[in-house]
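K.L.:
Compact mmCIF, C-alpha atoms and all ligand atoms, file work-v4.txt:
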```txt
# COMPACT_ATOMS: atom_id res chain seq x y z
CA MET Z 136 27.80 11.84 28.51
CA LYS Z 137 26.48 15.22 27.46
CA THR Z 138 25.49 16.90 24.21
CA GLN Z 139 23.24 19.75 23.07
CA VAL Z 140 21.00 17.84 20.65
CA ALA Z 141 20.73 14.07 21.07
CA ILE Z 142 19.68 12.42 17.81
CA ILE Z 143 18.19 8.91 17.70
CA GLY Z 144 18.72 7.19 14.34
CA ALA Z 145 21.47 7.50 11.70
CA GLY Z 146 19.22 7.36 8.63
CA PRO Z 147 19.05 10.35 6.31
CA SER Z 148 16.99 12.42 8.80
CA GLY Z 149 19.36 12.00 11.74
CA LEU Z 150 22.54 12.39 9.70
CA LEU Z 151 21.36 15.48 7.80
CA LEU Z 152 20.12 17.20 10.96
CA GLY Z 153 23.41 16.30 12.65
CA GLN Z 154 25.47 17.76 9.80
CA LEU Z 155 23.56 21.07 9.66
CA LEU Z 156 23.75 21.50 13.45
CA HIS Z 157 27.42 20.57 13.55
CA ASN Z 158 28.24 23.14 10.84
CA ALA Z 159 26.40 25.74 12.93
CA GLY Z 160 28.53 24.94 15.97
CA ILE Z 161 25.80 23.05 17.83
CA ASP Z 162 26.97 19.81 19.42
CA THR Z 163 25.15 16.58 18.54
CA LEU Z 164 25.46 12.90 19.33
CA ILE Z 165 23.72 10.24 17.23
CA LEU Z 166 22.60 6.90 18.67
CA GLU Z 167 21.97 4.18 16.07
CA ARG Z 168 20.80 0.65 16.77
CA GLN Z 169 22.34 -0.95 13.68
CA THR Z 170 25.81 -0.99 12.08
CA PRO Z 171 26.77 1.45 9.28
CA ASP Z 172 26.78 -1.43 6.75
CA TYR Z 173 23.27 -2.43 7.73
CA VAL Z 174 22.02 1.14 7.29
CA LEU Z 175 23.72 1.37 3.87
CA GLY Z 176 22.37 -2.01 2.81
CA ARG Z 177 18.79 -0.82 2.64
CA ILE Z 178 17.64 0.11 -0.87
CA ARG Z 179 15.21 2.99 -0.53
CA ALA Z 180 14.08 6.08 -2.43
CA GLY Z 181 15.82 7.72 -5.36
CA VAL Z 182 14.28 11.07 -6.31
CA LEU Z 183 15.31 14.30 -4.56
CA GLU Z 184 13.24 17.47 -4.75
CA GLN Z 185 15.04 20.74 -5.40
CA GLY Z 186 14.52 21.79 -1.76
CA MET Z 187 16.36 18.70 -0.54
CA VAL Z 188 19.10 19.14 -3.14
CA GLU Z 189 19.67 22.69 -1.88
CA LEU Z 190 19.61 21.55 1.76
CA LEU Z 191 22.27 18.91 1.05
CA ARG Z 192 24.42 21.56 -0.63
CA GLN Z 193 23.87 23.88 2.35
CA ALA Z 194 25.03 21.06 4.62
CA GLY Z 195 28.22 20.78 2.53
CA VAL Z 196 27.46 17.29 1.24
CA GLY Z 197 26.38 18.06 -2.32
CA GLN Z 198 29.64 17.45 -4.24
CA ARG Z 199 29.16 13.81 -5.26
CA MET Z 200 25.41 14.32 -5.81
CA ASP Z 201 26.16 17.21 -8.18
CA ALA Z 202 28.80 15.17 -10.01
CA GLU Z 203 26.98 11.83 -10.25
CA GLY Z 204 23.27 12.57 -9.76
CA LEU Z 205 20.98 12.80 -12.79
CA VAL Z 206 18.94 15.99 -13.19
CA HIS Z 207 15.50 15.07 -14.53
CA THR Z 208 13.42 17.76 -16.16
CA GLY Z 209 10.30 15.60 -16.50
CA PHE Z 210 8.74 12.16 -16.19
CA ASP Z 211 6.24 10.07 -18.14
CA LEU Z 212 2.86 8.67 -17.23
CA ALA Z 213 1.91 5.56 -19.21
CA LEU Z 214 -1.85 5.26 -18.97
CA ASP Z 215 -3.17 1.96 -20.27
CA GLY Z 216 -0.80 2.16 -23.23
CA ARG Z 217 -0.86 5.94 -23.82
CA GLN Z 218 2.32 7.84 -22.88
CA VAL Z 219 1.98 11.37 -21.46
CA HIS Z 220 5.00 13.56 -20.76
CA ILE Z 221 4.96 15.72 -17.64
CA ASP Z 222 7.48 18.48 -18.41
CA LEU Z 223 8.39 19.47 -14.85
CA GLN Z 224 10.73 22.25 -15.92
CA ALA Z 225 8.28 23.97 -18.27
CA LEU Z 226 5.29 23.51 -15.97
CA THR Z 227 6.98 24.85 -12.81
CA GLY Z 228 8.99 27.78 -14.17
CA GLY Z 229 12.28 25.91 -14.27
CA LYS Z 230 12.22 23.42 -11.40
CA THR Z 231 13.68 19.91 -11.74
CA VAL Z 232 14.36 16.85 -9.57
CA MET Z 233 17.60 14.95 -8.94
CA VAL Z 234 17.81 11.18 -9.32
CA TYR Z 235 20.35 10.11 -6.66
CA GLY Z 236 19.81 7.14 -4.37
CA GLN Z 237 19.07 7.46 -0.66
CA THR Z 238 21.91 5.00 -0.06
CA GLU Z 239 24.33 7.45 -1.68
CA VAL Z 240 22.92 10.41 0.29
CA THR Z 241 23.41 8.39 3.48
CA ARG Z 242 26.94 7.37 2.49
CA ASP Z 243 27.90 11.02 1.80
CA LEU Z 244 26.42 12.15 5.12
CA MET Z 245 28.23 9.39 7.06
CA ALA Z 246 31.53 10.35 5.43
CA ALA Z 247 31.01 14.06 6.20
CA ARG Z 248 30.19 13.29 9.83
CA GLN Z 249 33.36 11.26 10.15
CA VAL Z 250 35.47 14.07 8.68
CA ALA Z 251 33.77 16.52 11.05
CA GLY Z 252 34.73 14.31 13.99
CA ALA Z 253 31.16 14.27 15.31
CA THR Z 254 30.10 11.20 17.28
CA THR Z 255 27.74 8.46 16.06
CA LEU Z 256 27.40 5.49 18.39
CA TYR Z 257 26.38 2.45 16.34
CA GLY Z 258 25.07 -0.71 17.99
CA ALA Z 259 23.24 1.27 20.70
CA SER Z 260 20.43 -0.86 22.14
CA ASN Z 261 17.63 -0.37 24.68
CA VAL Z 262 17.44 3.34 23.93
CA GLU Z 263 15.02 4.95 26.41
CA LEU Z 264 13.92 8.59 26.58
CA HIS Z 265 13.45 10.35 29.92
CA GLY Z 266 12.32 13.76 31.20
CA MET Z 267 11.00 14.90 27.82
CA LYS Z 268 8.62 17.34 29.50
CA THR Z 269 11.40 18.84 31.66
CA GLU Z 270 14.24 21.20 30.75
CA GLU Z 271 16.73 18.42 31.38
CA PRO Z 272 15.81 15.49 29.16
CA TYR Z 273 18.15 12.51 28.95
CA ILE Z 274 18.51 9.19 27.20
CA THR Z 275 19.73 5.87 28.56
CA PHE Z 276 21.09 3.11 26.31
CA ASP Z 277 23.27 0.01 26.29
CA LYS Z 278 26.39 -0.44 24.23
CA ASP Z 279 28.98 -3.22 24.42
CA GLY Z 280 27.34 -4.60 27.55
CA GLU Z 281 27.42 -1.31 29.47
CA THR Z 282 24.58 1.12 30.28
CA PHE Z 283 25.11 4.82 29.57
CA ARG Z 284 23.26 8.07 30.27
CA LEU Z 285 23.27 10.92 27.75
CA ASP Z 286 22.14 14.34 29.03
CA CYS Z 287 20.97 16.91 26.47
CA ASP Z 288 18.93 20.06 25.80
CA TYR Z 289 16.72 18.52 23.10
CA ILE Z 290 16.03 15.10 21.58
CA ALA Z 291 15.43 14.53 17.85
CA GLY Z 292 13.54 11.29 17.17
CA CYS Z 293 14.91 10.41 13.71
CA ASP Z 294 14.48 6.67 14.24
CA GLY Z 295 12.04 5.77 11.48
CA PHE Z 296 8.59 4.20 11.55
CA HIS Z 297 9.53 1.37 13.94
CA GLY Z 298 11.63 3.55 16.25
CA VAL Z 299 11.38 4.14 19.97
CA ALA Z 300 10.82 7.92 19.98
CA ARG Z 301 7.18 7.99 18.87
CA GLN Z 302 6.42 5.00 21.10
CA SER Z 303 7.78 6.90 24.12
CA ILE Z 304 5.00 9.48 23.89
CA PRO Z 305 1.93 8.56 26.02
CA ALA Z 306 -0.75 7.22 23.65
CA THR Z 307 -3.30 9.67 25.07
CA CYS Z 308 -1.19 12.59 23.77
CA LEU Z 309 -1.15 11.38 20.14
CA ASN Z 310 -3.56 11.27 17.25
CA ILE Z 311 -2.84 8.72 14.55
CA PHE Z 312 -4.15 8.94 10.98
CA GLU Z 313 -3.58 5.86 8.87
CA ARG Z 314 -4.49 4.06 5.67
CA VAL Z 315 -3.05 0.70 4.69
CA TYR Z 316 -3.34 -0.22 1.00
CA PRO Z 317 -4.20 -3.77 -0.12
CA PHE Z 318 -1.05 -4.07 -2.22
CA GLY Z 319 2.73 -3.64 -2.10
CA TRP Z 320 5.55 -2.88 -4.51
CA LEU Z 321 7.91 -5.60 -5.61
CA GLY Z 322 11.15 -3.82 -6.52
CA ILE Z 323 14.32 -5.02 -8.21
CA LEU Z 324 17.69 -3.44 -8.74
CA ALA Z 325 19.64 -4.50 -11.83
CA ASP Z 326 22.79 -3.47 -13.67
CA THR Z 327 21.00 -2.76 -16.93
CA PRO Z 328 20.61 0.51 -18.88
CA PRO Z 329 17.34 2.39 -18.15
CA VAL Z 330 14.53 1.64 -20.61
CA HIS Z 331 13.79 5.37 -20.90
CA ASP Z 332 15.78 8.51 -20.06
CA GLU Z 333 13.10 9.64 -17.60
CA LEU Z 334 11.01 7.81 -14.98
CA VAL Z 335 7.86 6.10 -16.26
CA TYR Z 336 4.86 5.61 -13.95
CA ALA Z 337 2.54 3.07 -15.61
CA ARG Z 338 -1.13 2.48 -14.93
CA HIS Z 339 -2.40 -0.83 -16.33
CA GLU Z 340 -5.53 -2.91 -15.73
CA GLN Z 341 -3.35 -5.66 -14.23
CA GLY Z 342 -1.66 -3.20 -11.86
CA PHE Z 343 0.88 -0.40 -11.48
CA ALA Z 344 4.51 -0.47 -12.66
CA LEU Z 345 7.37 2.01 -12.32
CA CYS Z 346 10.58 2.30 -14.31
CA SER Z 347 13.20 4.18 -12.30
CA MET Z 348 16.98 4.25 -12.20
CA ARG Z 349 20.00 4.94 -10.05
CA SER Z 350 22.46 5.79 -12.86
CA ALA Z 351 22.96 5.33 -16.61
CA THR Z 352 23.87 1.68 -15.92
CA ARG Z 353 21.70 0.74 -12.93
CA THR Z 354 17.92 0.43 -12.93
CA ARG Z 355 15.24 0.20 -10.26
CA TYR Z 356 11.92 -1.23 -11.45
CA TYR Z 357 8.74 -1.95 -9.52
CA VAL Z 358 5.44 -3.79 -10.07
CA GLN Z 359 2.30 -3.74 -7.91
CA VAL Z 360 1.72 -7.07 -6.12
CA PRO Z 361 -0.87 -8.22 -3.56
CA ALA Z 362 -0.02 -7.14 0.02
CA ASP Z 363 0.51 -10.74 1.15
CA ASP Z 364 2.72 -11.80 -1.79
CA LYS Z 365 6.21 -13.19 -1.10
CA VAL Z 366 9.52 -12.45 -2.87
CA GLU Z 367 10.09 -16.22 -3.19
CA ASN Z 368 7.15 -16.32 -5.60
CA TRP Z 369 8.99 -14.03 -8.00
CA SER Z 370 11.77 -15.35 -10.20
CA ASP Z 371 13.59 -12.69 -12.24
CA GLU Z 372 11.86 -14.07 -15.35
CA ARG Z 373 8.41 -13.65 -13.85
CA PHE Z 374 9.27 -10.11 -12.77
CA TRP Z 375 10.50 -9.04 -16.22
CA GLU Z 376 7.49 -10.60 -17.95
CA THR Z 377 5.08 -8.87 -15.60
CA LEU Z 378 6.83 -5.52 -15.97
CA LYS Z 379 6.80 -5.78 -19.77
CA SER Z 380 3.12 -6.69 -19.83
CA ARG Z 381 2.27 -3.45 -17.99
CA LEU Z 382 4.32 -1.07 -20.19
CA PRO Z 383 3.40 0.47 -23.56
CA THR Z 384 4.61 -1.84 -26.36
CA ALA Z 385 7.44 0.45 -27.52
CA LEU Z 386 8.92 0.49 -24.00
CA ALA Z 387 8.35 -3.23 -23.43
CA ASP Z 388 10.20 -3.98 -26.68
CA ALA Z 389 13.09 -1.72 -25.70
CA LEU Z 390 13.45 -3.11 -22.15
CA ILE Z 391 16.81 -4.70 -21.47
CA THR Z 392 16.63 -7.33 -18.73
CA GLY Z 393 19.36 -8.86 -16.56
CA PRO Z 394 19.92 -10.61 -13.25
CA SER Z 395 18.52 -8.80 -10.21
CA ILE Z 396 21.01 -7.68 -7.56
CA GLU Z 397 18.27 -6.93 -5.01
CA LYS Z 398 14.62 -7.90 -4.84
CA SER Z 399 12.16 -6.97 -2.09
CA ILE Z 400 8.50 -6.22 -1.41
CA ALA Z 401 7.49 -3.01 0.39
CA PRO Z 402 3.98 -2.52 1.79
CA LEU Z 403 2.15 0.73 0.97
CA ARG Z 404 0.90 2.86 3.82
CA SER Z 405 -0.18 6.42 4.58
CA PHE Z 406 0.46 7.39 8.23
CA VAL Z 407 0.66 10.65 10.17
CA VAL Z 408 1.03 11.23 13.89
CA GLU Z 409 -0.05 14.51 15.46
CA PRO Z 410 1.54 16.39 17.08
CA MET Z 411 5.11 15.74 15.96
CA GLN Z 412 6.56 16.79 19.30
CA TYR Z 413 6.32 16.04 23.01
CA GLY Z 414 8.02 18.47 25.39
CA ARG Z 415 11.65 18.71 24.29
CA MET Z 416 11.45 15.73 21.91
CA PHE Z 417 10.78 16.25 18.21
CA LEU Z 418 9.80 13.56 15.70
CA VAL Z 419 11.48 13.85 12.29
CA GLY Z 420 10.90 11.95 9.03
CA ASP Z 421 9.52 8.40 8.99
CA ALA Z 422 9.18 8.45 12.81
CA ALA Z 423 6.24 10.82 12.31
CA HIS Z 424 4.83 10.01 8.89
CA ILE Z 425 4.83 7.48 6.08
CA VAL Z 426 3.66 8.01 2.50
CA PRO Z 427 3.16 5.40 -0.20
CA PRO Z 428 6.17 5.76 -2.57
CA THR Z 429 4.12 6.72 -5.65
CA GLY Z 430 4.86 10.44 -5.35
CA ALA Z 431 8.53 9.98 -4.32
CA LYS Z 432 7.86 12.03 -1.22
CA GLY Z 433 9.11 9.98 1.81
CA LEU Z 434 12.74 11.04 1.84
CA ASN Z 435 11.86 14.57 0.76
CA LEU Z 436 9.45 15.04 3.66
CA ALA Z 437 12.18 13.90 6.02
CA ALA Z 438 14.37 16.66 4.56
CA SER Z 439 11.74 19.37 5.04
CA ASP Z 440 11.24 18.31 8.69
CA VAL Z 441 15.00 18.49 9.16
CA SER Z 442 15.09 21.97 7.64
CA THR Z 443 12.30 23.16 9.94
CA LEU Z 444 13.86 21.72 13.12
CA PHE Z 445 17.31 22.99 12.17
CA ASN Z 446 16.10 26.53 11.52
CA ILE Z 447 14.16 26.57 14.79
CA LEU Z 448 17.09 25.24 16.84
CA LEU Z 449 19.42 27.75 15.19
CA LYS Z 450 17.22 30.62 16.37
CA VAL Z 451 16.80 29.00 19.80
CA TYR Z 452 20.57 28.75 20.35
CA ARG Z 453 21.59 32.01 18.64
CA GLU Z 454 18.73 34.33 19.52
CA GLY Z 455 17.10 32.68 22.52
CA ARG Z 456 13.85 32.24 20.55
CA LEU Z 457 12.40 29.51 22.76
CA ASP Z 458 8.91 30.55 21.59
CA LEU Z 459 9.62 28.89 18.21
CA LEU Z 460 9.92 25.40 19.71
CA GLU Z 461 6.19 24.94 20.05
CA LYS Z 462 5.72 25.82 16.36
CA TYR Z 463 7.69 22.82 15.04
CA SER Z 464 4.81 20.40 14.68
CA GLU Z 465 2.33 22.81 13.10
CA VAL Z 466 4.85 24.08 10.54
CA CYS Z 467 5.86 20.53 9.56
CA LEU Z 468 2.32 19.16 9.44
CA ARG Z 469 1.13 21.79 6.96
CA ARG Z 470 3.61 20.47 4.39
CA VAL Z 471 3.35 16.85 5.49
CA TRP Z 472 -0.40 16.75 4.86
CA LYS Z 473 -0.03 18.25 1.38
CA ALA Z 474 2.51 15.56 0.49
CA GLU Z 475 0.27 12.90 2.07
CA ARG Z 476 -2.56 14.09 -0.14
CA PHE Z 477 -0.46 14.03 -3.31
CA SER Z 478 1.00 10.59 -2.53
CA TRP Z 479 -2.46 9.19 -1.79
CA TRP Z 480 -3.79 10.73 -5.01
CA MET Z 481 -1.00 9.36 -7.22
CA THR Z 482 -1.48 5.96 -5.57
CA SER Z 483 -5.26 6.04 -6.06
CA MET Z 484 -4.98 7.10 -9.69
CA LEU Z 485 -2.32 4.63 -10.82
CA HIS Z 486 -2.99 1.36 -8.96
CA ARG Z 487 -5.44 -1.44 -9.51
CA PHE Z 488 -7.92 -1.75 -6.64
CA ASP Z 489 -9.60 -5.16 -6.71
CA ASP Z 490 -12.66 -3.93 -4.84
CA GLN Z 491 -13.31 -0.94 -7.12
CA ASP Z 492 -16.73 -1.06 -8.83
CA ALA Z 493 -17.19 -0.20 -12.51
CA PHE Z 494 -18.50 3.30 -11.78
CA SER Z 495 -15.56 4.23 -9.53
CA GLN Z 496 -13.18 2.89 -12.13
CA ARG Z 497 -14.62 5.16 -14.83
CA ILE Z 498 -14.45 8.13 -12.43
CA THR Z 499 -10.75 7.44 -11.79
CA GLU Z 500 -10.04 7.12 -15.53
CA SER Z 501 -11.89 10.34 -16.18
CA GLU Z 502 -10.15 12.21 -13.34
CA LEU Z 503 -6.78 11.14 -14.68
CA ALA Z 504 -7.75 12.06 -18.25
CA TYR Z 505 -8.87 15.49 -17.03
CA PHE Z 506 -5.57 16.11 -15.24
CA VAL Z 507 -3.29 15.05 -18.09
CA ASP Z 508 -5.31 16.69 -20.87
CA SER Z 509 -5.42 20.06 -19.13
CA GLU Z 510 -2.44 22.37 -18.70
CA ALA Z 511 -3.75 23.32 -15.24
CA GLY Z 512 -3.93 19.62 -14.33
CA ARG Z 513 -0.39 18.89 -15.51
CA LYS Z 514 0.83 21.97 -13.60
CA THR Z 515 -0.78 20.66 -10.42
CA ILE Z 516 0.95 17.31 -10.83
CA ALA Z 517 4.27 18.98 -11.65
CA GLU Z 518 4.31 21.48 -8.79
CA ASN Z 519 3.59 18.74 -6.27
CA TYR Z 520 6.14 16.38 -7.81
CA VAL Z 521 9.03 18.88 -7.72
CA GLY Z 522 8.07 19.68 -4.13
CA LEU Z 523 6.08 22.44 -2.45
CA PRO Z 524 8.11 25.28 -0.88
CA TYR Z 525 9.58 25.07 2.62
CA GLU Z 526 8.03 27.48 5.13
CA ALA Z 527 10.36 30.19 6.45
CA ILE Z 528 10.97 30.25 10.22
CA GLU Z 529 10.65 33.83 11.50
N1 LIG Z 601 17.41 3.10 18.62
C1 LIG Z 601 18.35 3.59 17.77
N2 LIG Z 601 18.20 3.68 16.44
C2 LIG Z 601 17.03 3.25 15.93
C3 LIG Z 601 15.99 2.73 16.75
C4 LIG Z 601 16.22 2.67 18.16
N3 LIG Z 601 15.29 2.17 18.99
N4 LIG Z 601 14.95 2.39 15.97
C5 LIG Z 601 15.31 2.67 14.71
N5 LIG Z 601 16.56 3.18 14.66
C6 LIG Z 601 17.32 3.61 13.48
C7 LIG Z 601 17.17 2.66 12.30
O1 LIG Z 601 18.07 1.56 12.40
C8 LIG Z 601 17.46 3.55 11.10
O2 LIG Z 601 18.83 3.55 10.75
O3 LIG Z 601 16.79 4.83 12.98
C9 LIG Z 601 17.08 4.95 11.59
C10 LIG Z 601 15.85 5.48 10.87
O4 LIG Z 601 16.13 5.66 9.50
P1 LIG Z 601 15.02 5.64 8.35
O5 LIG Z 601 14.07 4.53 8.61
O6 LIG Z 601 15.74 5.67 7.05
O7 LIG Z 601 14.18 6.98 8.57
P2 LIG Z 601 14.55 8.51 8.21
O8 LIG Z 601 15.97 8.84 8.55
O9 LIG Z 601 13.46 9.34 8.76
O10 LIG Z 601 14.56 8.52 6.63
C11 LIG Z 601 13.58 9.02 5.82
O11 LIG Z 601 11.81 8.32 4.42
O12 LIG Z 601 10.37 7.31 3.00
C12 LIG Z 601 11.50 7.21 3.62
O13 LIG Z 601 12.96 6.05 2.09
C13 LIG Z 601 12.80 7.09 2.96
O14 LIG Z 601 13.90 5.80 4.62
C14 LIG Z 601 13.67 7.10 4.17
C15 LIG Z 601 12.91 7.90 5.12
C1 LIG Z 602 12.95 4.76 -6.87
O1 LIG Z 602 13.79 5.00 -7.76
O2 LIG Z 602 13.20 3.91 -5.99
C2 LIG Z 602 11.66 5.47 -6.86
C3 LIG Z 602 11.44 6.50 -7.77
C4 LIG Z 602 10.23 7.16 -7.77
C5 LIG Z 602 9.23 6.79 -6.90
C6 LIG Z 602 9.45 5.77 -5.98
C7 LIG Z 602 10.67 5.10 -5.97
O3 LIG Z 602 8.04 7.43 -6.93
```
Just give me the structure of the file as structure tokens.
Ligand code: APR
Ligand code: PHB
P.N.:
Amino acid sequence: MKTQVAIIGAGPSGLLLGQLLHNAGIDTLILERQTPDYVLGRIRAGVLEQGMVELLRQAGVGQRMDAEGLVHTGFDLALDGRQVHIDLQALTGGKTVMVYGQTEVTRDLMAARQVAGATTLYGASNVELHGMKTEEPYITFDKDGETFRLDCDYIAGCDGFHGVARQSIPATCLNIFERVYPFGWLGILADTPPVHDELVYARHEQGFALCSMRSATRTRYYVQVPADDKVENWSDERFWETLKSRLPTALADALITGPSIEKSIAPLRSFVVEPMQYGRMFLVGDAAHIVPPTGAKGLNLAASDVSTLFNILLKVYREGRLDLLEKYSEVCLRRVWKAERFSWWMTSMLHRFDDQDAFSQRITESELAYFVDSEAGRKTIAENYVGLPYEAIE
């Protein structure tokens, strides 16, 4: 088999890169370990920055998002009972975010790829990368009991945090930066109306809580739990009680509860690998970096990596600009680290840390009070939340 760009992973990174390249006449083949239903069964992020919204439109997959997604012009911070509105639109000169689930983005991208007639091989196992430092890289993999070889010009490692691409780079060529937090998020999905028309991020002495949504009739709520907690410990009743106890009274009273249709615990981690490339292989999205979900940045960072790699490959194929290839990692990392910082900051400000001493706690409270009471502080939060600009590739 042969293609121009071999993509490992059919999550949002791989599918979006594949769609943009396909539209530009560049041939791609995606190798995915799982089935399409498995990929669509994962409940993940739900807030898209304007840059990602525009990229999805550019890729020709924005129709359903524009029809069904919810444009949010702000969000609320609930700080130990006090509710502060962050008016994203007013604070950023008109920018907003789109509430539209990652599952739906993935579904739209899968459908577009099928219409385009581009190949995705699901159920591909034992994916191995070869010749990454040569001009003729290739991939071997097994499917339906047979072993195949896929020759290509470039490899995009879009295979998430546990993927094979990053692990194929010799450890001596990588620097890893990591922080693991001593808590996770217990999330539930429920067919109930949202408690508030915008997202509410709540800081409370017992721990963080988040009120989010997928539509006017489907909600996604989270509460901070210890890192080693188990879903089995959490009945729906216990979840709703805990959530209510961490919200301002008016919201707690207005909360409509119902049976959960999904319940899971996600650990919180900050992780960056440098560089994000090795020869002709490029790491994209979760394969290269993880952020704690508090800033809603994970999916959006994947999109900005995709944009950078797409724009570089476009100039490589159309203008012979091979010099741009070595710039991929440095361009991505500049934006990645800013989003890492913001996600770490939001996490630090809004969660309960059991080991925090009384002095540090007052400093955190005072830092947060400074940010929300000052227009400059609210602007800083808003401009990070709507997403920092993508760097042009020239
Ligand atoms: N071979 C083939 N496919 C693989 C392999 C492998 N060895 N390892 C992993 N994959 C597939 C996974 O099954 C998954 O479908 O790669 C895909 C990676 O998808 P995601 O984990 O969703 O990562 P990505 O596409 O970068 O999406 C961005 O950012 O913060 C998050 O929620 C956000 O999941 C989203 C991510
Ligand atoms: C979500 O809806 O799943 C969600 C929203 C905002 C976040 C994290 C998760 O910061």
K.L.:
Produce as a ChimeraX atom specification the set of residues near ligand LIG 601 (chain Z), where near means within 6 Å with only C-alpha atoms and all ligand atoms considered.
P.N.:
/Z:143-149,166-169,174,179-180,262,293-295,297-299,420-422,433-434,437
K.L.:
I'd like to know which of Z:Thr227, Z:Ser350, Z:Thr307, Z:Ser501 is closest to ligand LIG 602 (chain Z), using all atoms listed in the file.
P.N.:
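Checking each of Z:Thr227, Z:Ser350, Z:Thr307, Z:Ser501 against ligand LIG 602 (chain Z), counting all atoms listed in the file, the winner is Z:Ser350.
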K.L.:
Name the residues, by chain letter and number, that sit within 9 Å of ligand LIG 602 (chain Z) using all atoms listed in the file, and give them as a ChimeraX atom specification.
P.N.:
/Z:178-182,234-237,322,334-336,345-349,354-357,427-433,478
K.L.:
May I have the selected residues written with C-alpha atoms, as a PDB file, in the frame of the given file?
P.N.:
```pdb
ATOM      1  CA  ILE Z 178      17.640   0.110  -0.870  1.00  0.00           C
ATOM      2  CA  ARG Z 179      15.210   2.990  -0.530  1.00  0.00           C
ATOM      3  CA  ALA Z 180      14.080   6.080  -2.430  1.00  0.00           C
ATOM      4  CA  GLY Z 181      15.820   7.720  -5.360  1.00  0.00           C
ATOM      5  CA  VAL Z 182      14.280  11.070  -6.310  1.00  0.00           C
ATOM      6  CA  VAL Z 234      17.810  11.180  -9.320  1.00  0.00           C
ATOM      7  CA  TYR Z 235      20.350  10.110  -6.660  1.00  0.00           C
ATOM      8  CA  GLY Z 236      19.810   7.140  -4.370  1.00  0.00           C
ATOM      9  CA  GLN Z 237      19.070   7.460  -0.660  1.00  0.00           C
ATOM     10  CA  GLY Z 322      11.150  -3.820  -6.520  1.00  0.00           C
ATOM     11  CA  LEU Z 334      11.010   7.810 -14.980  1.00  0.00           C
ATOM     12  CA  VAL Z 335       7.860   6.100 -16.260  1.00  0.00           C
ATOM     13  CA  TYR Z 336       4.860   5.610 -13.950  1.00  0.00           C
ATOM     14  CA  LEU Z 345       7.370   2.010 -12.320  1.00  0.00           C
ATOM     15  CA  CYS Z 346      10.580   2.300 -14.310  1.00  0.00           C
ATOM     16  CA  SER Z 347      13.200   4.180 -12.300  1.00  0.00           C
ATOM     17  CA  MET Z 348      16.980   4.250 -12.200  1.00  0.00           C
ATOM     18  CA  ARG Z 349      20.000   4.940 -10.050  1.00  0.00           C
ATOM     19  CA  THR Z 354      17.920   0.430 -12.930  1.00  0.00           C
ATOM     20  CA  ARG Z 355      15.240   0.200 -10.260  1.00  0.00           C
ATOM     21  CA  TYR Z 356      11.920  -1.230 -11.450  1.00  0.00           C
ATOM     22  CA  TYR Z 357       8.740  -1.950  -9.520  1.00  0.00           C
ATOM     23  CA  PRO Z 427       3.160   5.400  -0.200  1.00  0.00           C
ATOM     24  CA  PRO Z 428       6.170   5.760  -2.570  1.00  0.00           C
ATOM     25  CA  THR Z 429       4.120   6.720  -5.650  1.00  0.00           C
ATOM     26  CA  GLY Z 430       4.860  10.440  -5.350  1.00  0.00           C
ATOM     27  CA  ALA Z 431       8.530   9.980  -4.320  1.00  0.00           C
ATOM     28  CA  LYS Z 432       7.860  12.030  -1.220  1.00  0.00           C
ATOM     29  CA  GLY Z 433       9.110   9.980   1.810  1.00  0.00           C
ATOM     30  CA  SER Z 478       1.000  10.590  -2.530  1.00  0.00           C
TER      31      SER Z 478
END
```
K.L.:
I want to know what sits within 8 Å of Glu271 (chain Z), based on all atoms listed in the file, with residues of the same chain fewer than 2 positions away left out; could you give that as number ranges by chain?
P.N.:
Z: 266-267, 269, 273, 286-288
K.L.:
Name the closest residue to Met233 (chain Z) among the candidates Z:Asn435, Z:Ser442, Z:Asn519, Z:Gln341; distances are taken between atoms, counting all atoms listed in the file.
P.N.:
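With all atoms listed in the file as the atom set, the closest residue is Z:Asn435.
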K.L.:
To one decimal in Å, tell me the separation between CA of Leu448 (chain Z) and CA of Ile161 (chain Z).
P.N.:
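It comes out at 9.0 Å.
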K.L.:
Taking all atoms listed in the file into account, which of Z:Gln154, Z:Asn446, Z:Thr231, Z:Thr377 comes nearest Ala246 (chain Z)?
P.N.:
Z:Gln154
K.L.:
Under the rule that all atoms listed in the file are counted, which of Z:Leu175, Z:Leu309, Z:Val358, Z:Met481 is the nearest residue to Arg242 (chain Z)?
P.N.:
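Of Z:Leu175, Z:Leu309, Z:Val358, Z:Met481, the one nearest Arg242 (chain Z) is Z:Leu175, counting all atoms listed in the file.
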K.L.:
For Asp371 (chain Z), which residue among Z:Leu444, Z:Val188, Z:Ile323, Z:Ala344 is the nearest when counting all atoms listed in the file?
P.N.:
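Result for the nearest residue to Asp371 (chain Z): Z:Ile323.
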K.L.:
How many Å lie between CA of Phe276 (chain Z) and CA of Pro171 (chain Z), rounded to one decimal?
P.N.:
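According to the coordinates, CA of Phe276 (chain Z) and CA of Pro171 (chain Z) are separated by 18.0 Å.
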K.L.:
Ranking Z:Leu436, Z:Tyr463, Z:Val366, Z:Ala389 by minimum distance to Thr327 (chain Z) and counting all atoms listed in the file, which one comes first?
P.N.:
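Once distances to Thr327 (chain Z) are computed over all atoms listed in the file, the minimum belongs to Z:Ala389.
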K.L.:
Can you measure CA of Glu184 (chain Z) to CA of Ala527 (chain Z) for me? One decimal in Å is fine.
P.N.:
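These two atoms are separated by 17.2 Å.
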K.L.:
Box in all listed atoms of region 305-315 of chain Z, axis-aligned, with 3 Å more on each side; write out centre and edge lengths in Å to one decimal as JSON.
P.N.:
```
{"center_x": -1.3, "center_y": 6.6, "center_z": 15.4, "size_x": 12.4, "size_y": 17.9, "size_z": 27.3}
```
